[in-house]
file coords.cif (mmCIF, C-alpha atoms)
data_run
#
loop_
_atom_site.label_atom_id
_atom_site.label_comp_id
_atom_site.auth_asym_id
_atom_site.auth_seq_id
_atom_site.Cartn_x
_atom_site.Cartn_y
_atom_site.Cartn_z
CA MET S 1 40.51 -35.42 43.25
CA ARG S 2 37.36 -37.09 44.51
CA ARG S 3 36.49 -33.96 46.44
CA TRP S 4 36.64 -31.81 43.29
CA GLU S 5 34.34 -34.23 41.44
CA MET S 6 31.75 -33.98 44.22
CA LEU S 7 31.91 -30.18 44.11
CA ALA S 8 31.45 -30.21 40.31
CA ARG S 9 28.37 -32.45 40.57
CA ALA S 10 26.89 -30.18 43.27
CA ALA S 11 27.46 -27.17 41.03
CA ARG S 12 25.75 -28.86 38.08
CA GLY S 13 22.81 -29.84 40.32
CA THR S 14 22.56 -26.29 41.60
CA GLY S 15 22.59 -24.91 38.07
CA ALA S 16 19.87 -27.33 37.00
CA LEU S 17 17.82 -26.41 40.06
CA LEU S 18 18.12 -22.68 39.27
CA LEU S 19 17.17 -23.36 35.64
CA ARG S 20 14.03 -25.30 36.59
CA GLY S 21 13.11 -22.61 39.15
CA SER S 22 13.35 -19.93 36.47
CA LEU S 23 11.12 -22.01 34.15
CA LEU S 24 8.48 -22.41 36.86
CA ALA S 25 8.67 -18.72 37.71
CA SER S 26 8.01 -17.89 34.06
CA GLY S 27 4.67 -19.81 34.23
CA ARG S 28 5.67 -22.99 32.42
CA ALA S 29 4.44 -26.14 34.18
CA PRO S 30 6.77 -29.07 34.79
CA ARG S 31 6.72 -31.85 32.26
CA ARG S 32 4.68 -34.99 33.06
CA ALA S 33 5.65 -38.53 32.32
CA SER S 34 3.98 -40.55 29.66
CA SER S 35 1.66 -42.11 32.25
CA GLY S 36 0.15 -38.69 33.11
CA LEU S 37 1.94 -38.30 36.44
CA PRO S 38 4.22 -35.28 37.00
CA ARG S 39 7.97 -35.95 36.80
CA ASN S 40 10.37 -35.28 39.60
CA THR S 41 11.97 -31.95 38.72
CA VAL S 42 13.39 -31.43 42.22
CA VAL S 43 11.32 -28.26 42.71
CA LEU S 44 7.59 -28.83 42.34
CA PHE S 45 4.52 -26.65 42.80
CA VAL S 46 1.44 -28.64 43.83
CA PRO S 47 -1.91 -27.05 42.81
CA GLN S 48 -4.61 -26.29 45.36
CA GLN S 49 -7.07 -29.14 46.18
CA GLU S 50 -4.65 -31.81 44.95
CA ALA S 51 -2.61 -34.36 46.87
CA TRP S 52 0.54 -35.91 45.33
CA VAL S 53 1.61 -39.20 46.84
CA VAL S 54 5.42 -39.59 46.80
CA GLU S 55 7.28 -42.87 47.06
CA ARG S 56 10.97 -43.07 47.95
CA MET S 57 12.73 -46.12 46.61
CA GLY S 58 9.36 -47.85 46.05
CA ARG S 59 7.89 -47.19 49.49
CA PHE S 60 5.43 -44.56 50.59
CA HIS S 61 7.28 -41.48 51.74
CA ARG S 62 4.89 -38.57 52.12
CA ILE S 63 2.01 -36.59 50.58
CA LEU S 64 2.91 -33.25 49.05
CA GLU S 65 0.86 -30.31 50.25
CA PRO S 66 -0.28 -27.54 47.87
CA GLY S 67 2.48 -25.04 47.21
CA LEU S 68 6.28 -25.36 46.95
CA ASN S 69 7.81 -28.80 47.48
CA ILE S 70 11.37 -30.15 46.93
CA LEU S 71 12.15 -33.75 46.09
CA ILE S 72 15.36 -35.75 45.67
CA PRO S 73 15.92 -36.81 42.09
CA VAL S 74 16.03 -40.51 41.24
CA LEU S 75 15.09 -41.53 44.81
CA ASP S 76 11.70 -39.79 45.03
CA ARG S 77 8.89 -40.57 42.62
CA ILE S 78 5.35 -39.18 42.34
CA ARG S 79 3.21 -42.32 42.35
CA TYR S 80 -0.41 -41.05 42.67
CA VAL S 81 -2.20 -37.74 42.13
CA GLN S 82 -5.52 -37.47 44.00
CA SER S 83 -8.05 -34.66 43.55
CA LEU S 84 -9.59 -33.40 46.78
CA LYS S 85 -12.51 -31.72 44.97
CA GLU S 86 -16.02 -33.10 44.94
CA ILE S 87 -16.32 -35.68 42.18
CA VAL S 88 -19.49 -36.33 40.20
CA ILE S 89 -19.96 -39.85 38.84
CA ASN S 90 -22.80 -41.00 36.64
CA VAL S 91 -24.08 -44.38 37.75
CA PRO S 92 -25.07 -46.35 34.62
CA GLU S 93 -28.65 -47.51 34.10
CA GLN S 94 -29.38 -50.92 35.58
CA SER S 95 -32.34 -53.18 36.25
CA ALA S 96 -33.72 -53.83 39.73
CA VAL S 97 -36.66 -55.84 41.05
CA THR S 98 -38.95 -54.32 43.68
CA LEU S 99 -40.62 -56.11 46.57
CA ASP S 100 -43.79 -56.70 44.51
CA ASN S 101 -41.77 -58.25 41.60
CA VAL S 102 -41.76 -55.27 39.23
CA THR S 103 -38.62 -54.81 37.13
CA LEU S 104 -37.37 -51.22 36.97
CA GLN S 105 -34.67 -49.52 34.95
CA ILE S 106 -32.98 -46.96 37.18
CA ASP S 107 -29.90 -44.74 37.05
CA GLY S 108 -28.43 -42.07 39.26
CA VAL S 109 -25.70 -39.56 40.05
CA LEU S 110 -23.12 -40.06 42.80
CA TYR S 111 -21.29 -37.20 44.55
CA LEU S 112 -18.17 -38.15 46.50
CA ARG S 113 -14.91 -36.70 47.81
CA ILE S 114 -11.53 -38.21 48.72
CA MET S 115 -10.93 -37.60 52.42
CA ASP S 116 -7.71 -39.65 52.86
CA PRO S 117 -5.34 -39.68 49.82
CA TYR S 118 -3.24 -42.48 51.35
CA LYS S 119 -6.21 -44.89 51.70
CA ALA S 120 -7.54 -43.87 48.28
CA SER S 121 -4.13 -44.68 46.74
CA TYR S 122 -3.26 -47.92 48.51
CA GLY S 123 -6.67 -49.17 49.75
CA VAL S 124 -8.30 -49.82 46.37
CA GLU S 125 -7.05 -50.07 42.80
CA ASP S 126 -9.65 -47.80 41.16
CA PRO S 127 -11.67 -45.77 43.70
CA GLU S 128 -14.24 -44.40 41.25
CA TYR S 129 -14.99 -47.77 39.70
CA ALA S 130 -15.27 -49.39 43.13
CA VAL S 131 -17.68 -46.78 44.39
CA THR S 132 -19.78 -47.01 41.21
CA GLN S 133 -20.13 -50.77 41.55
CA LEU S 134 -20.95 -50.41 45.24
CA ALA S 135 -23.64 -47.83 44.44
CA GLN S 136 -25.26 -50.15 41.88
CA THR S 137 -25.35 -53.17 44.18
CA THR S 138 -26.61 -51.07 47.09
CA MET S 139 -29.33 -49.59 44.89
CA ARG S 140 -30.52 -53.07 43.90
CA SER S 141 -30.64 -54.28 47.48
CA GLU S 142 -32.50 -51.18 48.72
CA LEU S 143 -35.05 -51.34 45.88
CA GLY S 144 -35.71 -54.99 46.71
CA LYS S 145 -36.97 -53.88 50.15
CA LEU S 146 -39.60 -51.48 48.75
CA SER S 147 -42.76 -51.90 46.72
CA LEU S 148 -43.36 -49.96 43.52
CA ASP S 149 -45.55 -47.32 45.15
CA LYS S 150 -43.04 -46.69 47.93
CA VAL S 151 -40.19 -46.30 45.43
CA PHE S 152 -41.83 -43.14 44.06
CA ARG S 153 -43.04 -41.84 47.42
CA GLU S 154 -39.86 -42.52 49.42
CA ARG S 155 -37.19 -41.43 46.96
CA GLU S 156 -35.49 -39.22 49.54
CA SER S 157 -35.26 -42.00 52.11
CA LEU S 158 -33.98 -44.36 49.39
CA ASN S 159 -31.19 -41.92 48.51
CA ALA S 160 -30.24 -41.55 52.16
CA SER S 161 -30.11 -45.33 52.64
CA ILE S 162 -27.82 -45.73 49.62
CA VAL S 163 -25.48 -42.99 50.91
CA ASP S 164 -25.26 -44.61 54.36
CA ALA S 165 -24.50 -48.03 52.87
CA ILE S 166 -21.78 -46.61 50.59
CA ASN S 167 -20.12 -44.67 53.43
CA GLN S 168 -19.97 -47.77 55.63
CA ALA S 169 -18.23 -49.78 52.90
CA ALA S 170 -15.98 -47.03 51.50
CA ASP S 171 -14.58 -45.82 54.80
CA CYS S 172 -11.47 -48.04 54.40
CA TRP S 173 -10.90 -46.52 50.94
CA GLY S 174 -10.64 -42.96 52.26
CA ILE S 175 -13.68 -41.91 50.27
CA ARG S 176 -16.84 -40.24 51.60
CA CYS S 177 -20.12 -40.25 49.65
CA LEU S 178 -21.80 -36.88 50.05
CA ARG S 179 -25.12 -37.62 48.36
CA TYR S 180 -26.79 -39.84 45.82
CA GLU S 181 -29.59 -38.76 43.52
CA ILE S 182 -31.83 -41.01 41.44
CA LYS S 183 -32.14 -39.53 37.96
CA ASP S 184 -34.76 -41.57 36.11
CA ILE S 185 -36.97 -44.53 36.95
CA HIS S 186 -38.34 -46.41 33.94
CA VAL S 187 -41.20 -48.85 34.45
CA PRO S 188 -42.55 -51.41 31.94
CA PRO S 189 -45.31 -50.11 29.60
CA ARG S 190 -48.03 -52.35 31.06
CA VAL S 191 -47.17 -51.33 34.59
CA LYS S 192 -47.22 -47.71 33.50
CA GLU S 193 -50.70 -48.14 32.00
CA SER S 194 -51.99 -49.78 35.19
CA MET S 195 -50.48 -46.98 37.25
CA GLN S 196 -52.22 -44.42 35.04
CA MET S 197 -55.54 -46.23 35.48
CA GLN S 198 -54.98 -46.33 39.23
CA VAL S 199 -54.30 -42.60 39.29
CA GLU S 200 -57.46 -41.89 37.28
CA ALA S 201 -59.53 -44.10 39.59
CA GLU S 202 -58.08 -42.34 42.62
CA ARG S 203 -58.93 -38.96 41.13
CA ARG S 204 -62.50 -40.05 40.38
CA LYS S 205 -62.79 -41.34 43.92
CA ARG S 206 -61.59 -38.03 45.33
CA ALA S 207 -64.01 -36.14 43.10
CA THR S 208 -66.92 -38.32 44.26
CA VAL S 209 -65.94 -37.89 47.90
CA LEU S 210 -65.62 -34.13 47.50
CA GLU S 211 -68.98 -33.95 45.74
CA SER S 212 -70.68 -35.98 48.49
CA GLU S 213 -69.07 -33.81 51.15
CA GLY S 214 -70.30 -30.72 49.32
CA THR S 215 -73.85 -32.15 49.15
CA ARG S 216 -73.68 -33.00 52.84
CA GLU S 217 -72.49 -29.54 53.79
CA SER S 218 -75.20 -28.00 51.61
CA ALA S 219 -77.93 -30.10 53.23
CA ILE S 220 -76.61 -29.22 56.69
CA ASN S 221 -76.57 -25.53 55.83
CA VAL S 222 -80.12 -25.67 54.43
CA ALA S 223 -81.40 -27.53 57.51
CA GLU S 224 -79.61 -25.10 59.79
CA GLY S 225 -81.15 -22.20 57.89
CA LYS S 226 -84.64 -23.69 58.18
CA LYS S 227 -84.09 -24.29 61.87
CA GLN S 228 -83.02 -20.71 62.45
CA ALA S 229 -85.96 -19.47 60.35
CA GLN S 230 -88.43 -21.51 62.41
CA ILE S 231 -86.87 -20.31 65.64
CA LEU S 232 -87.07 -16.70 64.51
CA ALA S 233 -90.65 -17.19 63.26
CA SER S 234 -91.73 -18.75 66.58
CA GLU S 235 -90.07 -15.95 68.50
CA ALA S 236 -91.78 -13.41 66.29
CA GLU S 237 -95.16 -15.15 66.75
CA LYS S 238 -94.58 -15.27 70.50
CA ALA S 239 -93.75 -11.58 70.59
CA GLU S 240 -96.81 -10.87 68.42
CA GLN S 241 -99.10 -12.82 70.75
CA ILE S 242 -97.61 -11.08 73.77
CA ASN S 243 -98.11 -7.70 72.15
CA GLN S 244 -101.65 -8.64 71.03
CA ALA S 245 -102.55 -9.85 74.53
CA ALA S 246 -101.13 -6.70 76.02
CA GLY S 247 -103.11 -4.64 73.50
CA GLU S 248 -106.32 -6.54 74.20
CA ALA S 249 -105.80 -6.18 77.94
CA SER S 250 -105.25 -2.47 77.50
CA ALA S 251 -108.36 -2.25 75.29
CA VAL S 252 -110.50 -4.16 77.82
CA LEU S 253 -109.21 -1.99 80.60
CA ALA S 254 -109.91 1.14 78.58
CA LYS S 255 -113.42 -0.11 77.71
CA ALA S 256 -114.08 -0.97 81.36
CA LYS S 257 -112.93 2.47 82.45
CA ALA S 258 -115.04 4.13 79.75
CA LYS S 259 -118.09 2.03 80.67
CA ALA S 260 -117.60 2.78 84.34
CA GLU S 261 -117.33 6.47 83.54
CA ALA S 262 -120.45 6.24 81.36
CA ILE S 263 -122.38 4.46 84.13
CA ARG S 264 -121.22 7.07 86.61
CA ILE S 265 -122.36 9.90 84.33
CA LEU S 266 -125.69 8.11 83.65
CA ALA S 267 -126.28 7.58 87.34
CA ALA S 268 -125.58 11.23 88.00
CA ALA S 269 -127.98 12.23 85.21
CA LEU S 270 -130.76 9.96 86.51
CA THR S 271 -130.58 11.53 89.95
CA GLN S 272 -131.32 14.91 88.47
CA HIS S 273 -134.80 16.40 87.75
CA ASN S 274 -136.85 14.52 85.06
CA GLY S 275 -134.28 11.74 85.00
CA ASP S 276 -137.00 9.08 84.87
CA ALA S 277 -138.59 10.66 81.82
CA ALA S 278 -135.25 10.73 80.04
CA ALA S 279 -134.67 7.06 80.87
CA SER S 280 -138.15 6.17 79.57
CA LEU S 281 -137.44 8.01 76.33
CA THR S 282 -134.15 6.18 75.89
CA VAL S 283 -135.75 2.78 76.52
CA ALA S 284 -138.50 3.54 74.00
CA GLU S 285 -135.95 4.55 71.36
CA GLN S 286 -133.95 1.39 71.91
CA TYR S 287 -137.11 -0.76 71.71
CA VAL S 288 -138.12 0.79 68.42
CA SER S 289 -134.62 0.38 67.04
CA ALA S 290 -134.45 -3.26 68.12
CA PHE S 291 -137.92 -3.97 66.74
CA SER S 292 -136.91 -2.56 63.35
CA LYS S 293 -133.96 -5.03 63.12
CA LEU S 294 -136.03 -8.17 63.64
CA ALA S 295 -135.46 -11.04 61.15
CA LYS S 296 -132.44 -9.32 59.57
CA ASP S 297 -129.66 -11.42 61.10
CA SER S 298 -131.58 -14.71 61.66
CA ASN S 299 -134.89 -16.35 60.68
CA THR S 300 -135.60 -17.31 64.31
CA ILE S 301 -137.65 -14.54 66.02
CA LEU S 302 -138.67 -14.28 69.67
CA LEU S 303 -141.65 -11.83 70.00
CA PRO S 304 -143.57 -10.63 73.05
CA SER S 305 -147.36 -11.12 73.36
CA ASN S 306 -148.13 -7.58 72.20
CA PRO S 307 -145.19 -6.29 70.12
CA GLY S 308 -147.11 -3.24 68.93
CA ASP S 309 -147.77 -1.89 72.42
CA VAL S 310 -144.74 0.29 72.97
CA THR S 311 -146.22 1.93 76.04
CA SER S 312 -146.58 -1.35 77.92
CA MET S 313 -143.04 -2.33 77.03
CA VAL S 314 -141.67 1.00 78.23
CA ALA S 315 -143.76 0.76 81.39
CA GLN S 316 -142.48 -2.77 82.02
CA ALA S 317 -138.87 -1.67 81.46
CA MET S 318 -139.32 1.30 83.74
CA GLY S 319 -140.88 -0.99 86.36
CA VAL S 320 -137.82 -3.18 86.26
CA TYR S 321 -135.62 -0.12 86.47
CA GLY S 322 -137.61 1.25 89.38
CA ALA S 323 -137.40 -2.06 91.24
CA LEU S 324 -133.67 -2.10 90.77
CA THR S 325 -133.19 1.51 91.85
CA LYS S 326 -135.15 1.39 95.07
CA ALA S 327 -132.78 2.86 97.57
CA PRO S 328 -132.38 1.15 100.98
CA VAL S 329 -131.69 2.95 104.23
CA PRO S 330 -128.28 4.62 103.95
CA GLY S 331 -125.48 3.31 106.14
CA THR S 332 -127.00 -0.18 106.77
CA PRO S 333 -125.32 -2.96 104.77
CA ASP S 334 -127.98 -5.50 105.79
CA SER S 335 -130.77 -3.32 104.54
CA LEU S 336 -128.75 -2.83 101.35
CA SER S 337 -128.28 -6.54 100.78
CA SER S 338 -131.87 -7.45 101.71
CA GLY S 339 -133.29 -4.70 99.51
CA SER S 340 -131.08 -5.76 96.63
CA SER S 341 -132.19 -9.39 96.99
CA ARG S 342 -135.91 -8.42 97.03
CA ASP S 343 -135.40 -6.22 93.95
CA VAL S 344 -133.61 -9.03 92.12
CA GLN S 345 -136.40 -11.48 93.05
CA GLY S 346 -139.04 -9.07 91.82
CA THR S 347 -137.16 -8.53 88.61
CA ASP S 348 -136.78 -12.28 88.07
CA ALA S 349 -140.51 -12.82 88.65
CA SER S 350 -141.44 -10.14 86.11
CA LEU S 351 -139.02 -11.62 83.56
CA ASP S 352 -140.46 -15.11 84.09
CA GLU S 353 -143.96 -13.79 83.50
CA GLU S 354 -142.83 -12.12 80.32
CA LEU S 355 -141.22 -15.33 79.05
CA ASP S 356 -144.42 -17.30 79.80
CA ARG S 357 -146.49 -14.87 77.78
CA VAL S 358 -144.04 -15.15 74.89
CA LYS S 359 -144.23 -18.95 74.93
CA MET S 360 -148.03 -18.97 75.02
CA SER S 361 -148.18 -16.59 72.09
#

call {"tool": "encode", "arguments": {"input": "coords.cif", "output": "structure tokens"}}
result
Amino acid sequence: MRRWEMLARAARGTGALLLRGSLLASGRAPRRASSGLPRNTVVLFVPQQEAWVVERMGRFHRILEPGLNILIPVLDRIRYVQSLKEIVINVPEQSAVTLDNVTLQIDGVLYLRIMDPYKASYGVEDPEYAVTQLAQTTMRSELGKLSLDKVFRERESLNASIVDAINQAADCWGIRCLRYEIKDIHVPPRVKESMQMQVEAERRKRATVLESEGTRESAINVAEGKKQAQILASEAEKAEQINQAAGEASAVLAKAKAKAEAIRILAAALTQHNGDAAASLTVAEQYVSAFSKLAKDSNTILLPSNPGDVTSMVAQAMGVYGALTKAPVPGTPDSLSSGSSRDVQGTDASLDEELDRVKMS
């Protein structure tokens, strides 16, 4: 009799199991208890990225994996449902005091994920609330280490420090903080005004520095330009002087060559027939021309004793010429030098006599 009762109960359980399986296959989810936890319907389908913690007779039994799971009625109970997705928690606004005694109002956003459903279920009563309180206290302690200026400049390092502190404390809760972001930082109105004045002063300082640097660069460029101009001008003047000297040297050389050629031609002409008469005529013409230009360039005049006697002047000039052109014996250098010295002495004596007559007159 007892055996038949056990078979009847097994048949009823099998029928109920088939009925619940057909309901789940039709897309209808199992009913949840009034507390929000799913009820034990023997056959359960756990959604992806969720972990259901099952207790058997009040003790932890196992964690249901996503997919099909079978539990024993009455004995097994779903105690906790943990989401394995990334959770976003808004950290409420709170006040914090910086290192330089400035009170700030700051809030943030916390991103975390449950890594161990067992620790998250039995390690702390409310994981989200615990992490939120830990984030607030950690934020206050980290802000107390920084001055006001560094809070704005080192926001990334501040976020990283808060994440590290939360992970060290929440490791026993099976929770991992992925990142923390500061949303808004509110400063007192007076501090905000002083910060604005500081920013304006810093901008004016930068503008003054940039203007002075521009003036300095401009002065350097102008000086460099003048230096280059002077160098180029000196090089041009040097080249001009070199070219002028070369031109003058060429002109002197050309004049010397022309004069030498003229003297050679004149000497050849004087050796010809009636050369002396031609020389006398030339001297007379030059005397007349020079006499006609007296007192034109200067008021100081040097006149001979008889300026109207052209014949005597020509004769005197021809005498000097004849004394200079007396030919020595050819082929004897001594006779050439002695003759030249006597001619020069005679010429000097005649010139001295002429000067004495001019002075006496």

call {"tool": "closest_residue", "arguments": {"input": "coords.cif", "among": "S:Ala170, S:Val97, S:Leu104, S:Tyr180", "to": "Lys145 in chain S", "atoms": "all atoms listed in the file"}}
result
S:Val97

call {"tool": "atom_distance", "arguments": {"input": "coords.cif", "atom1": "CA of Val102 in chain S", "atom2": "CA of Asn167 in chain S"}}
result
28.0 Å

call {"tool": "atom_distance", "arguments": {"input": "coords.cif", "atom1": "CA of Leu37 in chain S", "atom2": "CA of Ile175 in chain S"}}
result
21.2 Å

call {"tool": "atom_distance", "arguments": {"input": "coords.cif", "atom1": "CA of Asn40 in chain S", "atom2": "CA of Tyr118 in chain S"}}
result
19.4 Å

call {"tool": "closest_residue", "arguments": {"input": "coords.cif", "among": "S:Ile70, S:Val131, S:Val191, S:Ala165", "to": "Thr103 in chain S", "atoms": "all atoms listed in the file"}}
result
S:Val191

call {"tool": "residues_around", "arguments": {"input": "coords.cif", "residues": "Phe45 in chain S", "least_positions_apart": "5", "cutoff": "8 Å", "atoms": "all atoms listed in the file", "output": "PDB file with C-alpha atoms, in the frame of the given file"}}
result
ATOM      1  CA  PRO S  66      -0.280 -27.540  47.870  1.00  0.00           C
ATOM      2  CA  GLY S  67       2.480 -25.040  47.210  1.00  0.00           C
ATOM      3  CA  LEU S  68       6.280 -25.360  46.950  1.00  0.00           C
ATOM      4  CA  ASN S  69       7.810 -28.800  47.480  1.00  0.00           C
TER       5      ASN S  69
END

call {"tool": "resolve_selection", "arguments": {"input": "coords.cif", "expression": "the PyMOL selection byres ((chain S and resi 142) around 12)", "output": "ChimeraX atom specification"}}
result
/S:96-99,135-141,143-147,150-151,154-155,157-166

call {"tool": "closest_residue", "arguments": {"input": "coords.cif", "among": "S:Pro127, S:Gly247, S:Pro92, S:Pro38", "to": "Cys172 in chain S", "atoms": "all atoms listed in the file"}}
result
S:Pro127

call {"tool": "closest_residue", "arguments": {"input": "coords.cif", "among": "S:Gln49, S:Ser121, S:Gln105, S:Ser312", "to": "Glu86 in chain S", "atoms": "all atoms listed in the file"}}
result
S:Gln49
